[in-house]
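Peer 1: Input my_file_0.tsv, format and content: TSV, C-alpha atoms.
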chain	number	residue	atom	x	y	z
A	27	THR	CA	15.75	8.38	-10.85
A	28	PRO	CA	17.22	8.61	-14.36
A	29	MET	CA	20.25	10.53	-13.05
A	30	TYR	CA	21.65	7.67	-10.98
A	31	GLU	CA	20.19	4.29	-11.80
A	32	LYS	CA	17.59	3.80	-14.55
A	33	ASN	CA	16.75	0.48	-12.91
A	34	GLY	CA	13.34	-1.13	-12.51
A	35	TRP	CA	13.51	-1.95	-8.82
A	36	THR	CA	10.66	-4.34	-8.11
A	37	GLY	CA	9.89	-2.93	-4.66
A	38	ASP	CA	9.52	0.57	-6.03
A	39	GLY	CA	7.13	-0.55	-8.75
A	40	MET	CA	5.11	-2.62	-6.31
A	41	LEU	CA	4.66	0.37	-4.01
A	42	GLY	CA	3.68	2.70	-6.84
A	43	ALA	CA	1.51	0.49	-9.05
A	44	ASP	CA	-1.85	1.62	-7.61
A	45	MET	CA	-0.75	5.25	-7.89
A	46	PHE	CA	0.27	4.80	-11.54
A	47	LEU	CA	-2.99	3.08	-12.44
A	48	ARG	CA	-5.10	5.87	-10.95
A	49	ASN	CA	-3.15	8.73	-12.49
A	50	VAL	CA	-1.78	7.64	-15.85
A	51	ASP	CA	-2.57	5.05	-18.52
A	52	ALA	CA	-0.04	2.55	-17.17
A	53	ASP	CA	-1.75	-0.81	-17.48
A	54	ARG	CA	0.02	-2.03	-20.63
A	55	LEU	CA	3.39	-0.86	-19.30
A	56	LEU	CA	2.87	-2.68	-16.00
A	57	ALA	CA	1.60	-5.85	-17.68
A	58	LYS	CA	4.77	-5.87	-19.80
A	59	TRP	CA	6.86	-5.21	-16.68
A	60	VAL	CA	5.38	-8.26	-14.92
A	61	ARG	CA	6.70	-10.31	-17.86
A	62	ASP	CA	10.10	-8.70	-17.31
A	63	ILE	CA	9.94	-9.75	-13.64
A	64	ALA	CA	9.01	-13.29	-14.66
A	65	ASP	CA	11.95	-13.36	-17.07
A	66	THR	CA	14.41	-12.65	-14.23
A	67	ARG	CA	13.38	-15.70	-12.19
A	68	THR	CA	16.19	-17.96	-11.06
A	69	ALA	CA	16.10	-21.76	-10.95
A	70	ASP	CA	14.30	-21.76	-7.60
A	71	GLY	CA	11.51	-19.55	-8.99
A	72	ALA	CA	12.39	-16.30	-7.20
A	73	PRO	CA	12.59	-13.07	-9.21
A	74	LEU	CA	15.61	-10.82	-9.06
A	75	LEU	CA	15.38	-7.38	-7.46
A	76	ILE	CA	15.52	-5.45	-10.74
A	77	ALA	CA	13.53	-6.06	-13.94
A	78	PRO	CA	14.56	-5.92	-16.72
A	79	ASN	CA	17.77	-7.10	-15.08
A	80	PRO	CA	21.05	-5.35	-15.91
A	81	GLY	CA	23.23	-8.18	-14.59
A	82	TRP	CA	23.09	-7.33	-10.90
A	83	GLY	CA	20.48	-6.94	-8.17
A	84	THR	CA	20.45	-10.42	-6.71
A	85	GLY	CA	19.37	-11.12	-3.17
A	86	ARG	CA	16.50	-12.44	-1.09
A	87	ALA	CA	13.78	-9.87	-0.50
A	88	PRO	CA	10.17	-11.07	-0.42
A	89	THR	CA	9.25	-7.45	0.21
A	90	TRP	CA	10.59	-6.54	-3.26
A	91	HIS	CA	9.79	-9.84	-4.99
A	92	SER	CA	6.15	-9.25	-4.02
A	93	ALA	CA	5.79	-7.11	-7.15
A	94	TYR	CA	5.44	-10.39	-9.04
A	95	VAL	CA	2.35	-11.14	-6.94
A	96	PHE	CA	0.75	-7.79	-6.18
A	97	VAL	CA	1.09	-5.96	-9.51
A	98	PRO	CA	-1.05	-8.51	-11.40
A	99	TRP	CA	-3.70	-8.09	-8.71
A	100	SER	CA	-3.54	-4.29	-9.04
A	101	LEU	CA	-4.00	-4.64	-12.80
A	102	TRP	CA	-7.11	-6.74	-12.20
A	103	MET	CA	-8.62	-4.32	-9.68
A	104	PHE	CA	-7.74	-1.01	-11.33
A	105	ALA	CA	-7.67	-1.89	-15.04
A	106	GLY	CA	-10.01	-4.88	-15.13
A	107	ASP	CA	-7.29	-6.90	-16.86
A	108	ARG	CA	-7.16	-10.52	-15.68
A	109	ARG	CA	-4.66	-11.63	-18.29
A	110	PRO	CA	-1.54	-11.06	-16.15
A	111	ILE	CA	-3.03	-13.26	-13.42
A	112	ASP	CA	-3.87	-16.03	-15.89
A	113	GLU	CA	-0.44	-15.74	-17.54
A	114	HIS	CA	1.63	-15.79	-14.37
A	115	ILE	CA	-0.37	-17.65	-11.71
A	116	ASP	CA	1.70	-20.84	-12.03
A	117	GLY	CA	4.96	-18.93	-11.63
A	118	ILE	CA	3.54	-16.85	-8.80
A	119	ALA	CA	2.38	-19.95	-6.93
A	120	ARG	CA	5.74	-21.63	-7.43
A	121	TYR	CA	7.66	-18.63	-6.13
A	122	VAL	CA	5.43	-18.02	-3.08
A	123	ALA	CA	5.52	-21.72	-2.13
A	124	MET	CA	9.32	-21.60	-2.35
A	125	GLU	CA	9.45	-18.47	-0.18
A	126	ASP	CA	7.30	-20.22	2.39
A	127	ALA	CA	9.54	-23.30	2.29
A	128	ARG	CA	12.67	-21.24	2.98
A	129	SER	CA	11.06	-19.45	5.93
A	130	PRO	CA	11.78	-21.72	8.92
A	131	GLY	CA	8.88	-21.94	11.34
A	132	GLY	CA	6.89	-19.53	9.17
A	133	ILE	CA	9.26	-16.59	9.79
A	134	ALA	CA	10.68	-15.03	6.63
A	135	ASP	CA	13.77	-12.87	6.21
A	136	THR	CA	14.86	-10.20	3.74
A	137	ASP	CA	17.84	-8.15	2.67
A	138	LEU	CA	15.55	-5.13	2.19
A	139	GLY	CA	13.19	-4.04	4.95
A	140	ASP	CA	11.43	-0.71	5.53
A	141	TRP	CA	13.95	1.10	3.35
A	142	VAL	CA	15.06	4.71	4.05
A	143	SER	CA	13.28	5.40	7.32
A	144	PRO	CA	14.18	8.86	8.72
A	145	GLU	CA	17.06	7.52	10.85
A	146	THR	CA	18.98	6.03	7.93
A	147	ASP	CA	21.81	7.41	5.84
A	148	PRO	CA	20.64	9.68	3.00
A	149	GLY	CA	22.29	7.30	0.56
A	150	GLY	CA	19.89	4.54	1.59
A	151	GLY	CA	19.56	1.83	4.19
A	152	ASN	CA	17.25	-0.36	6.23
A	153	ALA	CA	15.35	0.98	9.22
A	154	PRO	CA	16.89	0.16	12.63
A	155	GLU	CA	14.51	-2.71	13.27
A	156	ASP	CA	14.05	-6.44	12.81
A	157	LYS	CA	13.60	-6.97	9.06
A	158	ARG	CA	11.94	-10.34	9.62
A	159	ILE	CA	8.71	-8.61	10.63
A	160	ALA	CA	8.33	-6.86	7.28
A	161	ALA	CA	9.44	-10.01	5.44
A	162	THR	CA	6.93	-12.22	7.23
A	163	ALA	CA	4.09	-9.72	6.81
A	164	TYR	CA	4.77	-9.63	3.07
A	165	LEU	CA	4.99	-13.42	2.90
A	166	TYR	CA	1.56	-13.64	4.52
A	167	GLY	CA	0.18	-11.00	2.14
A	168	MET	CA	1.55	-12.87	-0.87
A	169	GLU	CA	0.06	-16.16	0.32
A	170	THR	CA	-3.41	-14.70	0.81
A	171	ALA	CA	-3.23	-12.94	-2.57
A	172	THR	CA	-2.06	-16.14	-4.27
A	173	ALA	CA	-4.94	-18.07	-2.71
A	174	THR	CA	-7.39	-15.47	-3.99
A	175	MET	CA	-5.95	-15.56	-7.51
A	176	LEU	CA	-5.92	-19.36	-7.60
A	177	ARG	CA	-9.56	-19.37	-6.56
A	178	LEU	CA	-10.29	-16.82	-9.30
A	179	THR	CA	-8.73	-19.11	-11.90
A	180	GLY	CA	-10.70	-22.12	-10.66
A	181	ASP	CA	-7.97	-23.91	-8.67
A	182	ASP	CA	-9.78	-24.31	-5.36
A	183	ALA	CA	-7.47	-27.05	-4.15
A	184	GLY	CA	-4.40	-24.89	-4.76
A	185	ALA	CA	-6.10	-21.97	-3.03
A	186	ALA	CA	-6.79	-24.14	0.02
A	187	ARG	CA	-3.09	-25.06	0.24
A	188	PHE	CA	-2.10	-21.39	0.27
A	189	ASP	CA	-4.81	-20.57	2.80
A	190	ALA	CA	-3.28	-23.20	5.08
A	191	ARG	CA	0.22	-21.80	4.55
A	192	ALA	CA	-1.03	-18.30	5.33
A	193	LYS	CA	-2.65	-19.45	8.57
A	194	ARG	CA	0.60	-21.06	9.69
A	195	VAL	CA	2.54	-17.90	8.91
A	196	ARG	CA	-0.01	-15.71	10.71
A	197	ASP	CA	0.16	-17.88	13.81
A	198	ALA	CA	3.97	-17.92	13.74
A	199	PHE	CA	4.12	-14.15	13.24
A	200	ASN	CA	1.95	-13.45	16.26
A	201	ASP	CA	3.65	-16.08	18.42
A	202	ARG	CA	7.07	-14.63	17.65
A	203	PHE	CA	6.54	-10.87	17.44
A	204	LEU	CA	3.31	-9.87	19.21
A	205	ASP	CA	3.45	-8.65	22.81
A	206	ARG	CA	-0.19	-9.09	23.76
A	207	ALA	CA	0.17	-7.27	27.08
A	208	THR	CA	1.24	-4.04	25.39
A	209	ALA	CA	-0.53	-4.69	22.06
A	210	ARG	CA	2.57	-4.00	20.01
A	211	TYR	CA	4.86	-5.86	17.64
A	212	ARG	CA	8.55	-5.94	18.40
A	213	GLY	CA	11.58	-7.74	17.07
A	214	ASP	CA	15.24	-8.25	17.82
A	215	GLY	CA	17.43	-5.15	17.56
A	216	ASP	CA	14.59	-2.64	17.31
A	217	ALA	CA	15.43	0.99	18.08
A	218	GLY	CA	12.44	1.56	20.37
A	219	TYR	CA	8.83	1.44	19.21
A	220	ARG	CA	8.61	0.82	15.47
A	221	GLN	CA	5.60	2.21	13.64
A	222	ALA	CA	6.36	0.06	10.59
A	223	HIS	CA	6.01	-3.24	12.45
A	224	ASN	CA	2.56	-2.37	13.71
A	225	LEU	CA	1.36	-0.72	10.50
A	226	LEU	CA	2.33	-3.67	8.31
A	227	ALA	CA	0.68	-6.09	10.72
A	228	LEU	CA	-2.51	-4.03	10.54
A	229	ALA	CA	-2.36	-3.48	6.77
A	230	PHE	CA	-1.98	-7.19	5.97
A	231	GLY	CA	-4.62	-8.34	8.46
A	232	LEU	CA	-2.23	-10.14	10.80
A	233	VAL	CA	-3.43	-8.55	14.04
A	234	PRO	CA	-5.90	-10.61	16.11
A	235	ASP	CA	-9.35	-9.01	15.99
A	236	ASP	CA	-9.43	-8.34	19.73
A	237	LEU	CA	-6.20	-6.32	19.54
A	238	ARG	CA	-6.66	-4.32	16.33
A	239	ALA	CA	-7.97	-1.22	18.06
A	240	ARG	CA	-5.16	-1.22	20.65
A	241	VAL	CA	-2.42	-1.82	18.08
A	242	ALA	CA	-3.74	1.03	15.92
A	243	ALA	CA	-4.04	3.32	18.94
A	244	GLY	CA	-0.40	2.55	19.71
A	245	VAL	CA	0.71	3.76	16.29
A	246	ALA	CA	-1.35	6.94	16.62
A	247	ALA	CA	-0.01	7.58	20.13
A	248	ASP	CA	3.58	7.06	19.04
A	249	ALA	CA	3.22	9.49	16.14
A	250	LYS	CA	1.58	12.06	18.41
A	251	SER	CA	4.36	11.67	20.99
A	252	ARG	CA	6.85	12.57	18.26
A	253	GLY	CA	5.05	15.79	17.43
A	254	ASP	CA	2.83	14.16	14.78
A	255	HIS	CA	5.69	12.62	12.84
A	256	LEU	CA	6.10	9.33	11.06
A	257	THR	CA	9.16	7.10	11.45
A	258	THR	CA	8.47	4.99	8.38
A	259	GLY	CA	10.42	4.09	5.29
A	260	ALA	CA	9.11	3.15	1.86
A	261	LEU	CA	7.12	0.04	2.83
A	262	ALA	CA	5.18	1.45	5.77
A	263	THR	CA	4.83	5.01	4.44
A	264	LYS	CA	2.47	3.59	1.82
A	265	VAL	CA	0.07	2.37	4.50
A	266	ILE	CA	0.43	4.74	7.46
A	267	LEU	CA	-2.28	7.23	6.46
A	268	PRO	CA	-4.81	4.68	5.12
A	269	VAL	CA	-4.36	2.41	8.16
A	270	LEU	CA	-4.69	5.23	10.68
A	271	THR	CA	-7.79	6.53	8.90
A	272	ALA	CA	-9.41	3.10	8.64
A	273	THR	CA	-8.88	2.41	12.34
A	274	GLY	CA	-10.47	5.61	13.60
A	275	HIS	CA	-7.41	7.85	13.78
A	276	GLY	CA	-8.11	10.17	10.86
A	277	ASP	CA	-7.11	13.12	13.05
A	278	GLU	CA	-3.59	11.76	13.46
A	279	ALA	CA	-3.39	10.85	9.77
A	280	TRP	CA	-4.31	14.43	8.94
A	281	ALA	CA	-1.70	15.79	11.36
A	282	ILE	CA	1.03	13.63	9.80
A	283	ALA	CA	-0.05	14.47	6.25
A	284	THR	CA	0.07	18.23	6.87
A	285	GLN	CA	3.27	18.25	8.94
A	286	ILE	CA	5.94	20.70	7.75
A	287	THR	CA	8.93	19.74	9.91
A	288	PHE	CA	11.28	16.77	9.50
A	289	PRO	CA	10.36	14.10	8.52
A	290	SER	CA	7.39	14.93	6.32
A	291	TRP	CA	6.25	15.78	2.83
A	292	GLY	CA	5.69	19.35	3.98
A	293	TYR	CA	9.32	19.50	5.09
A	294	TRP	CA	10.42	18.75	1.55
A	295	ARG	CA	8.11	21.45	0.21
A	296	ALA	CA	9.25	23.98	2.81
A	297	ASN	CA	12.78	23.39	1.56
A	298	GLY	CA	11.99	24.01	-2.08
A	299	ALA	CA	10.96	20.57	-3.30
A	300	THR	CA	8.89	20.42	-6.47
A	301	SER	CA	9.20	16.64	-6.79
A	302	LEU	CA	9.40	13.54	-4.61
A	303	TRP	CA	12.71	12.62	-2.99
A	304	GLU	CA	14.50	9.35	-2.25
A	305	HIS	CA	14.98	10.17	1.43
A	306	TRP	CA	13.29	12.28	4.10
A	307	LYS	CA	16.56	14.17	4.77
A	308	LEU	CA	17.67	17.26	2.87
A	309	ALA	CA	20.84	15.41	1.89
A	310	SER	CA	18.74	12.97	-0.17
A	311	ARG	CA	20.83	11.82	-3.13
A	312	SER	CA	17.92	11.67	-5.58
A	313	ARG	CA	15.15	14.21	-6.03
A	314	GLY	CA	13.31	11.90	-8.42
A	315	HIS	CA	11.89	9.00	-6.39
A	316	TYR	CA	8.20	8.35	-5.77
A	317	PHE	CA	8.25	5.56	-3.20
A	318	LEU	CA	7.88	7.94	-0.25
A	319	GLY	CA	5.12	9.76	-2.13
A	320	THR	CA	2.45	7.10	-1.90
A	321	ILE	CA	0.30	9.55	0.07
A	322	ASP	CA	-1.49	9.60	-3.31
A	323	ASP	CA	-3.29	6.37	-2.32
A	324	TRP	CA	-4.79	8.13	0.71
A	325	LEU	CA	-5.71	11.30	-1.19
A	326	TYR	CA	-7.84	9.32	-3.64
A	327	SER	CA	-9.27	6.65	-1.34
A	328	ASP	CA	-9.81	8.53	1.92
A	329	VAL	CA	-9.73	12.27	1.24
A	330	ALA	CA	-11.77	12.19	-1.97
A	331	GLY	CA	-13.16	8.84	-0.86
A	332	LEU	CA	-12.98	7.18	-4.28
A	333	ARG	CA	-11.92	3.51	-4.46
A	334	PRO	CA	-12.76	0.40	-6.54
A	335	LEU	CA	-14.83	-2.37	-5.00
A	336	GLU	CA	-14.86	-4.73	-7.98
A	337	PRO	CA	-12.27	-5.34	-10.71
A	338	GLY	CA	-11.95	-2.56	-13.26
A	339	TRP	CA	-14.15	-0.23	-11.19
A	340	ARG	CA	-17.24	-2.24	-12.15
A	341	SER	CA	-18.40	-1.17	-8.72
A	342	PHE	CA	-16.77	1.54	-6.64
A	343	GLU	CA	-17.43	3.48	-3.49
A	344	VAL	CA	-17.39	7.12	-2.53
A	345	ARG	CA	-16.73	7.37	1.20
A	346	PRO	CA	-14.84	10.55	2.16
A	347	THR	CA	-13.43	10.36	5.68
A	348	LEU	CA	-11.61	13.67	6.17
A	349	THR	CA	-14.58	16.05	6.06
A	350	ALA	CA	-13.74	17.35	9.55
A	351	PHE	CA	-10.45	18.80	8.27
A	352	LEU	CA	-11.19	20.02	4.73
A	353	LYS	CA	-13.83	22.18	3.09
A	354	HIS	CA	-13.76	20.34	-0.21
A	355	ALA	CA	-12.02	17.64	-2.25
A	356	SER	CA	-12.46	16.00	-5.62
A	357	ALA	CA	-10.94	13.27	-7.75
A	358	THR	CA	-11.54	11.54	-11.06
A	359	VAL	CA	-10.26	8.25	-12.41
A	360	MET	CA	-10.44	7.04	-16.00
A	361	THR	CA	-11.76	3.49	-15.63
A	362	PRO	CA	-12.37	0.85	-18.33
A	363	TYR	CA	-16.02	2.02	-18.27
A	364	GLY	CA	-15.26	5.73	-18.54
A	365	GLN	CA	-14.57	8.47	-16.05
A	366	ALA	CA	-15.58	7.93	-12.41
A	367	GLY	CA	-15.55	10.99	-10.19
A	368	ALA	CA	-16.36	12.29	-6.75
A	369	SER	CA	-16.45	15.91	-5.61
A	370	TRP	CA	-17.62	16.98	-2.16
A	371	ARG	CA	-17.91	20.31	-0.41
A	372	ILE	CA	-18.91	21.55	3.05
A	373	VAL	CA	-21.81	24.01	2.83
A	374	GLY	CA	-22.93	25.13	6.27
A	375	ASP	CA	-23.66	21.98	8.24
A	376	ARG	CA	-24.03	19.81	5.14
A	377	VAL	CA	-21.76	17.76	2.92
A	378	GLU	CA	-22.79	18.16	-0.69
A	379	ALA	CA	-21.35	15.71	-3.21
A	380	GLU	CA	-21.46	15.31	-6.95
A	381	ILE	CA	-20.82	11.76	-8.15
A	382	ARG	CA	-20.08	10.62	-11.67
A	383	VAL	CA	-20.81	6.96	-12.43
A	384	PRO	CA	-19.81	5.70	-15.89
A	385	VAL	CA	-22.16	3.55	-17.94
A	386	GLY	CA	-21.84	-0.08	-16.87
A	387	SER	CA	-20.69	0.76	-13.34
A	388	THR	CA	-22.42	1.26	-10.01
A	389	ALA	CA	-21.35	3.29	-7.00
A	390	ILE	CA	-21.99	2.97	-3.28
A	391	VAL	CA	-21.98	6.41	-1.68
A	392	ALA	CA	-21.72	7.06	2.03
A	393	LEU	CA	-21.51	10.67	3.24
A	394	PRO	CA	-21.39	11.74	6.89
A	395	GLY	CA	-24.82	11.69	8.46
A	396	MET	CA	-26.39	9.35	5.90
A	397	GLY	CA	-26.54	5.65	5.14
A	398	GLU	CA	-25.21	3.97	2.04
A	399	ARG	CA	-26.87	4.68	-1.32
A	400	LEU	CA	-26.47	2.65	-4.48
A	401	LEU	CA	-26.17	4.73	-7.66
A	402	SER	CA	-26.29	3.65	-11.29
A	403	SER	CA	-24.70	5.40	-14.26
A	404	GLY	CA	-25.04	9.15	-14.59
A	405	ARG	CA	-24.34	12.31	-12.59
A	406	HIS	CA	-25.79	12.51	-9.11
A	407	ARG	CA	-26.01	15.14	-6.38
A	408	ILE	CA	-26.06	13.73	-2.84
A	409	VAL	CA	-26.38	15.63	0.44
A	410	GLY	CA	-25.29	14.44	3.88
A	411	ARG	CA	-24.85	16.20	7.18
A	412	LYS	CA	-21.50	17.23	8.63
A	413	LEU	CA	-20.95	15.51	12.00
Go ahead and express the file in the form of structure tokens.
Peer 2:
Amino acid sequence: TPMYEKNGWTGDGMLGADMFLRNVDADRLLAKWVRDIADTRTADGAPLLIAPNPGWGTGRAPTWHSAYVFVPWSLWMFAGDRRPIDEHIDGIARYVAMEDARSPGGIADTDLGDWVSPETDPGGGNAPEDKRIAATAYLYGMETATATMLRLTGDDAGAARFDARAKRVRDAFNDRFLDRATARYRGDGDAGYRQAHNLLALAFGLVPDDLRARVAAGVAADAKSRGDHLTTGALATKVILPVLTATGHGDEAWAIATQITFPSWGYWRANGATSLWEHWKLASRSRGHYFLGTIDDWLYSDVAGLRPLEPGWRSFEVRPTLTAFLKHASATVMTPYGQAGASWRIVGDRVEAEIRVPVGSTAIVALPGMGERLLSSGRHRIVGRKL
């Protein structure tokens, strides 16, 4: 918010990068910002929490430092720009290796966890839960992303080292925090069941395959038991709707997304909001924060069903998953190849879609009641059947 801070908090930018790249022409700004993050690095290789740095904002927070890792990957996927990866991969690898080394037994820690969950003070604060779970989930995510980027740049040996680190962290995470009997993640000092723990484990691929369905069902059941409400702060709010939808709980995702009582986006709107707030509570200090507004990711990828499959939208998919709850939805994205778009509508018992594929791209389309279809450039009309 320009009223209070005017600071480039790395965690905020990390959470919003995909949203920026879909909605506005932000790739050059974000590429420059990654350089700013790199410029803040201390002697041990870790970035500071704010970039450009105003002289404060020190602390250990792999959750926030992850902007140095994840924003270059977002630029590759959404803008087709590999240059930030090539420019920063050595620094990224050095930082992530250092974060692993200072995480005893594979368990990381952080000063900043799932920030501003509904229970916290309106001025800000960590959720009442064990921050090590978020920290370790982000460490694992950074290690797998670093391995992928090293492989992309031709360093297979370096990638293998990070794959091995990631496996150790995954094993440690599940040994320390997973209760297999109840299929839930818990830590020290948790205030009851924590949606964030389980959502981050699912989002980063930490959950053993045989427990994924049960862990996801636990999140959905907890939200339903609270009257279809989330209990997440900035980190887990970004993933709650996509994770629930991807694991077969689109009905609960829809119920949370359209909620109008506290805490929810609809609650803000019912109380006069015309912008995104810093906190779920009405006493929120700032009315100009976007990090609880990452519902945008879900609106594009799951409601409209439009998401990239290859860097720069060279290939993308159209796979709407909320057709049981809406009559129509549409979205467009300006890609490096031109405008990609998807618009679908319920007509009787059919789903009718119009797909725009820019020259040089291909699209995989999957509507309810039909298999996948591969489309080349042009405008296409596809019909499925509403289930």
Peer 1: From the options A:Met40, A:Val95, A:Ile372, A:Val391, which residue's atoms come nearest to Lys412 in chain A, counting only C-alpha atoms?
Peer 2: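 That would be A:Ile372, the residue with the smallest distance to Lys412 in chain A.
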Peer 1: Determine, counting all atoms listed in the file, which protein, DNA and RNA residues have an atom within 10 Å of an atom of Asp65 in chain A; residues of the same chain fewer than 6 positions away are not included. Present the result as a compact mmCIF listing (two decimals) with C-alpha atoms, keeping the file's coordinate frame.
Peer 2:
# COMPACT_ATOMS: atom_id res chain seq x y z
CA TRP A 59 6.86 -5.21 -16.68
CA PRO A 73 12.59 -13.07 -9.21
CA LEU A 74 15.61 -10.82 -9.06
CA ALA A 77 13.53 -6.06 -13.94
CA PRO A 78 14.56 -5.92 -16.72
CA ASN A 79 17.77 -7.10 -15.08
Peer 1: Around (1.3, -5.8, 1.6), as given in the file, which residues come within 7 Å? Count all atoms listed in the file and list them as a list in words.
Peer 2: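 I get Tyr164, Gly167, Ala229 and Phe230 of chain A for the residues within 7 Å of that point.
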Peer 1: Using only C-alpha atoms, which residue out of A:Asp140, A:Gly314, A:Thr273, A:Glu278 lies closest to Thr257 in chain A?
Peer 2: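 The closest residue to Thr257 in chain A is A:Asp140.
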Peer 1: In the coordinates of the file, take the point (-12.1, 8.8, -10.5) and a cut-off of 10 Å; then, counting all atoms listed in the file, name each qualifying protein, DNA or RNA residue as number ranges by chain.
Peer 2: A: 48-49, 326-327, 330-334, 339, 342, 344, 356-361, 364-369, 381-384
Peer 1: Please, what distance in Å, to one decimal, runs between CA of Trp294 in chain A and CA of Leu308 in chain A?
Peer 2: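 Atom-to-atom, CA of Trp294 in chain A to CA of Leu308 in chain A, that is 7.5 Å.
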Peer 1: Could you work out how far CA of Ala379 in chain A lies from CA of Ile408 in chain A, giving the answer in Å with one decimal?
Peer 2: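 Value for the CA of Ile408 in chain A-CA of Ala379 in chain A distance: 5.1 Å.
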Peer 1: Would you list the contacts of Trp291 in chain A as number ranges by chain, taking every protein, DNA or RNA residue within 8 Å and counting all atoms listed in the file, but skipping same-chain residues closer than 6 positions in sequence?
Peer 2: A: 283-285, 306, 319
Peer 1: Name all residues at most 10 Å from Ala127 in chain A (count all atoms listed in the file; drop same-chain ones fewer than 6 positions away) and give them as a short mmCIF file (atom, residue, chain, number, x, y, z; two decimals) with C-alpha atoms, in the frame of the given file.
Peer 2:
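In the end it all went to around-v9.cif:
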data_model
loop_
_atom_site.label_atom_id
_atom_site.label_comp_id
_atom_site.auth_asym_id
_atom_site.auth_seq_id
_atom_site.Cartn_x
_atom_site.Cartn_y
_atom_site.Cartn_z
CA TYR A 121 7.66 -18.63 -6.13
CA ALA A 134 10.68 -15.03 6.63
CA ARG A 191 0.22 -21.80 4.55
#
Peer 1: Under the rule that all atoms listed in the file are counted, which of A:Val122, A:Ala160, A:Val385, A:Ala272 is the nearest residue to Ser403 in chain A?
Peer 2: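 Among A:Val122, A:Ala160, A:Val385, A:Ala272, it is A:Val385 that comes nearest to Ser403 in chain A.
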Peer 1: One number please: CA of Thr179 in chain A to CA of Pro337 in chain A, in Å, one decimal.
Peer 2: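 Spanning CA of Thr179 in chain A to CA of Pro337 in chain A is a straight-line distance of 14.3 Å.
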Peer 1: Which residue out of A:Ala190, A:Leu204, A:Val409, A:Leu348 has the minimum interatomic distance to Arg238 in chain A when all atoms listed in the file are used?
Peer 2: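 Result for the nearest residue to Arg238 in chain A: A:Leu204.
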Peer 1: Could you give me, as a list in words, the residues within 9 Å of Gly244 in chain A, counting only C-alpha atoms and dropping anything in the same chain fewer than 2 positions from it?
Peer 2: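 Everything that qualifies: Thr208, Ala209, Arg210, Gln221, Asn224, Ala239, Arg240, Val241, Ala242, Ala246, Ala247, Asp248 and Ala249 of chain A.
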Peer 1: Can you write out the residues you just picked, keeping C-alpha atoms, as a compact mmCIF listing (two decimals), in the frame of the given file?
Peer 2:
# COMPACT_ATOMS: atom_id res chain seq x y z
CA THR A 208 1.24 -4.04 25.39
CA ALA A 209 -0.53 -4.69 22.06
CA ARG A 210 2.57 -4.00 20.01
CA GLN A 221 5.60 2.21 13.64
CA ASN A 224 2.56 -2.37 13.71
CA ALA A 239 -7.97 -1.22 18.06
CA ARG A 240 -5.16 -1.22 20.65
CA VAL A 241 -2.42 -1.82 18.08
CA ALA A 242 -3.74 1.03 15.92
CA ALA A 246 -1.35 6.94 16.62
CA ALA A 247 -0.01 7.58 20.13
CA ASP A 248 3.58 7.06 19.04
CA ALA A 249 3.22 9.49 16.14
Peer 1: Pick from A:Asp189, A:Thr320, A:Ala163, A:Thr287: nearest to Leu228 in chain A, with all atoms listed in the file counted?
Peer 2: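 Closest candidate: A:Ala163.
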